[in-house]
Amino acid sequence: QVHFVESGGGLVQPGGSLRLSCAASGFTLDDYAIGWFRRALGKELEGVSCTSSSDDRTYYLDSVKGRFTISRNNAKNTVYLQANSLEPEDTALYYCAAGPRFYCSKYGPIYGTEDYWGKGLLVTVSS
């Protein structure tokens, strides 16, 4: 019964914006650190952004700093990734994650086998 309901992916032109959302079900997000990963075609999974359970530590991949913003709405039990000034290099499957072993370090998000993942949102940046 633990899962995420995801929305917000799609096709956008370079320079455009998207807001990715993951609504958690079966657990309470504000108990955990949260984060976003992405996997581009032919590339490895990379940590895009994360924030600690108390939101006192936030991490962004260098290539998205100043363009992406992670946030959460505890009343809606939802985590967001606002992605602005999108570039073709941002094209990827984006995954939200959270859980009891999830940790937001200064080097990026760290996950464990007990954590919860979204199924992935496809973001395509193309003219």
# chains A, B, ... in the order shown; residues from 1 in each chain; ligands from 1
call {"tool": "residues_around", "arguments": {"residues": "range 115-122 of chain A", "least_positions_apart": "6", "cutoff": "8 Å", "atoms": "only C-alpha atoms", "output": "JSON, numbers by chain"}}
result
{"A": [2, 3, 4, 5, 6, 7, 8, 9, 10, 20, 22, 91, 92, 93, 94, 95, 96, 97, 98, 99, 100, 101, 102]}
call {"tool": "select_by_dssp", "arguments": {"residues": "chain A", "states": "helix (DSSP H, G or I)", "output": "ChimeraX atom specification"}}
result
/A:29-31,62-64,88-90
call {"tool": "write_last_selection", "arguments": {"atoms": "all heavy atoms", "output": "mmCIF file, in the first residue's frame"}}
result
data_model
loop_
_atom_site.group_PDB
_atom_site.id
_atom_site.type_symbol
_atom_site.label_atom_id
_atom_site.label_comp_id
_atom_site.auth_asym_id
_atom_site.auth_seq_id
_atom_site.Cartn_x
_atom_site.Cartn_y
_atom_site.Cartn_z
ATOM 1 N N LEU A 29 5.262 11.659 4.642
ATOM 2 C CA LEU A 29 6.495 12.210 4.088
ATOM 3 C C LEU A 29 7.286 13.035 5.085
ATOM 4 O O LEU A 29 8.515 13.044 5.033
ATOM 5 C CB LEU A 29 6.186 13.080 2.870
ATOM 6 C CG LEU A 29 6.165 12.401 1.513
ATOM 7 C CD1 LEU A 29 5.791 13.401 0.445
ATOM 8 C CD2 LEU A 29 7.495 11.745 1.193
ATOM 9 N N ASP A 30 6.609 13.749 5.979
ATOM 10 C CA ASP A 30 7.363 14.663 6.844
ATOM 11 C C ASP A 30 8.190 13.929 7.888
ATOM 12 O O ASP A 30 8.935 14.557 8.636
ATOM 13 C CB ASP A 30 6.479 15.734 7.457
ATOM 14 C CG ASP A 30 5.427 15.172 8.392
ATOM 15 O OD1 ASP A 30 5.382 13.939 8.592
ATOM 16 O OD2 ASP A 30 4.658 15.957 8.942
ATOM 17 N N ASP A 31 8.109 12.609 7.926
ATOM 18 C CA ASP A 31 8.984 11.830 8.798
ATOM 19 C C ASP A 31 10.351 11.574 8.173
ATOM 20 O O ASP A 31 11.270 11.109 8.850
ATOM 21 C CB ASP A 31 8.353 10.470 9.108
ATOM 22 C CG ASP A 31 7.130 10.574 10.000
ATOM 23 O OD1 ASP A 31 6.997 11.591 10.710
ATOM 24 O OD2 ASP A 31 6.319 9.623 9.981
ATOM 25 N N ASP A 62 25.023 19.950 -9.455
ATOM 26 C CA ASP A 62 25.585 21.204 -9.962
ATOM 27 C C ASP A 62 24.885 21.696 -11.223
ATOM 28 O O ASP A 62 24.637 22.899 -11.385
ATOM 29 C CB ASP A 62 27.081 21.036 -10.249
ATOM 30 C CG ASP A 62 27.924 21.081 -8.991
ATOM 31 O OD1 ASP A 62 27.397 21.472 -7.929
ATOM 32 O OD2 ASP A 62 29.118 20.726 -9.065
ATOM 33 N N SER A 63 24.554 20.781 -12.111
ATOM 34 C CA SER A 63 23.997 21.189 -13.396
ATOM 35 C C SER A 63 22.572 21.726 -13.290
ATOM 36 O O SER A 63 22.061 22.311 -14.250
ATOM 37 C CB SER A 63 24.033 20.030 -14.392
ATOM 38 O OG SER A 63 23.256 18.954 -13.925
ATOM 39 N N VAL A 64 21.908 21.554 -12.129
ATOM 40 C CA VAL A 64 20.543 22.052 -11.989
ATOM 41 C C VAL A 64 20.437 23.191 -10.977
ATOM 42 O O VAL A 64 19.359 23.765 -10.806
ATOM 43 C CB VAL A 64 19.547 20.927 -11.600
ATOM 44 C CG1 VAL A 64 19.670 19.749 -12.558
ATOM 45 C CG2 VAL A 64 19.709 20.490 -10.158
ATOM 46 N N PRO A 88 17.892 20.507 -23.084
ATOM 47 C CA PRO A 88 17.803 19.143 -23.644
ATOM 48 C C PRO A 88 18.526 18.107 -22.789
ATOM 49 O O PRO A 88 18.086 16.951 -22.720
ATOM 50 C CB PRO A 88 18.450 19.302 -25.019
ATOM 51 C CG PRO A 88 18.179 20.721 -25.392
ATOM 52 C CD PRO A 88 18.293 21.488 -24.105
ATOM 53 N N GLU A 89 19.589 18.535 -22.112
ATOM 54 C CA GLU A 89 20.353 17.608 -21.258
ATOM 55 C C GLU A 89 19.571 17.179 -20.020
ATOM 56 O O GLU A 89 19.982 16.264 -19.315
ATOM 57 C CB GLU A 89 21.668 18.253 -20.815
ATOM 58 C CG GLU A 89 22.663 18.492 -21.948
ATOM 59 C CD GLU A 89 22.296 19.651 -22.862
ATOM 60 O OE1 GLU A 89 21.517 20.541 -22.434
ATOM 61 O OE2 GLU A 89 22.758 19.664 -24.016
ATOM 62 N N ASP A 90 18.453 17.829 -19.738
ATOM 63 C CA ASP A 90 17.604 17.438 -18.611
ATOM 64 C C ASP A 90 16.642 16.316 -18.983
ATOM 65 O O ASP A 90 15.924 15.807 -18.117
ATOM 66 C CB ASP A 90 16.797 18.637 -18.108
ATOM 67 C CG ASP A 90 17.664 19.748 -17.552
ATOM 68 O OD1 ASP A 90 18.606 19.431 -16.799
ATOM 69 O OD2 ASP A 90 17.397 20.928 -17.868
#
call {"tool": "closest_residue", "arguments": {"among": "A:Ser126, A:Ser105, A:Ser21, A:Thr113", "to": "Cys50 in chain A", "atoms": "only C-alpha atoms"}}
result
A:Ser105
call {"tool": "atom_distance", "arguments": {"atom1": "CA of Pro14 in chain A", "atom2": "CA of Arg67 in chain A"}}
result
12.5 Å
call {"tool": "atom_distance", "arguments": {"atom1": "CA of Gly35 in chain A", "atom2": "CA of Ser127 in chain A"}}
result
28.2 Å
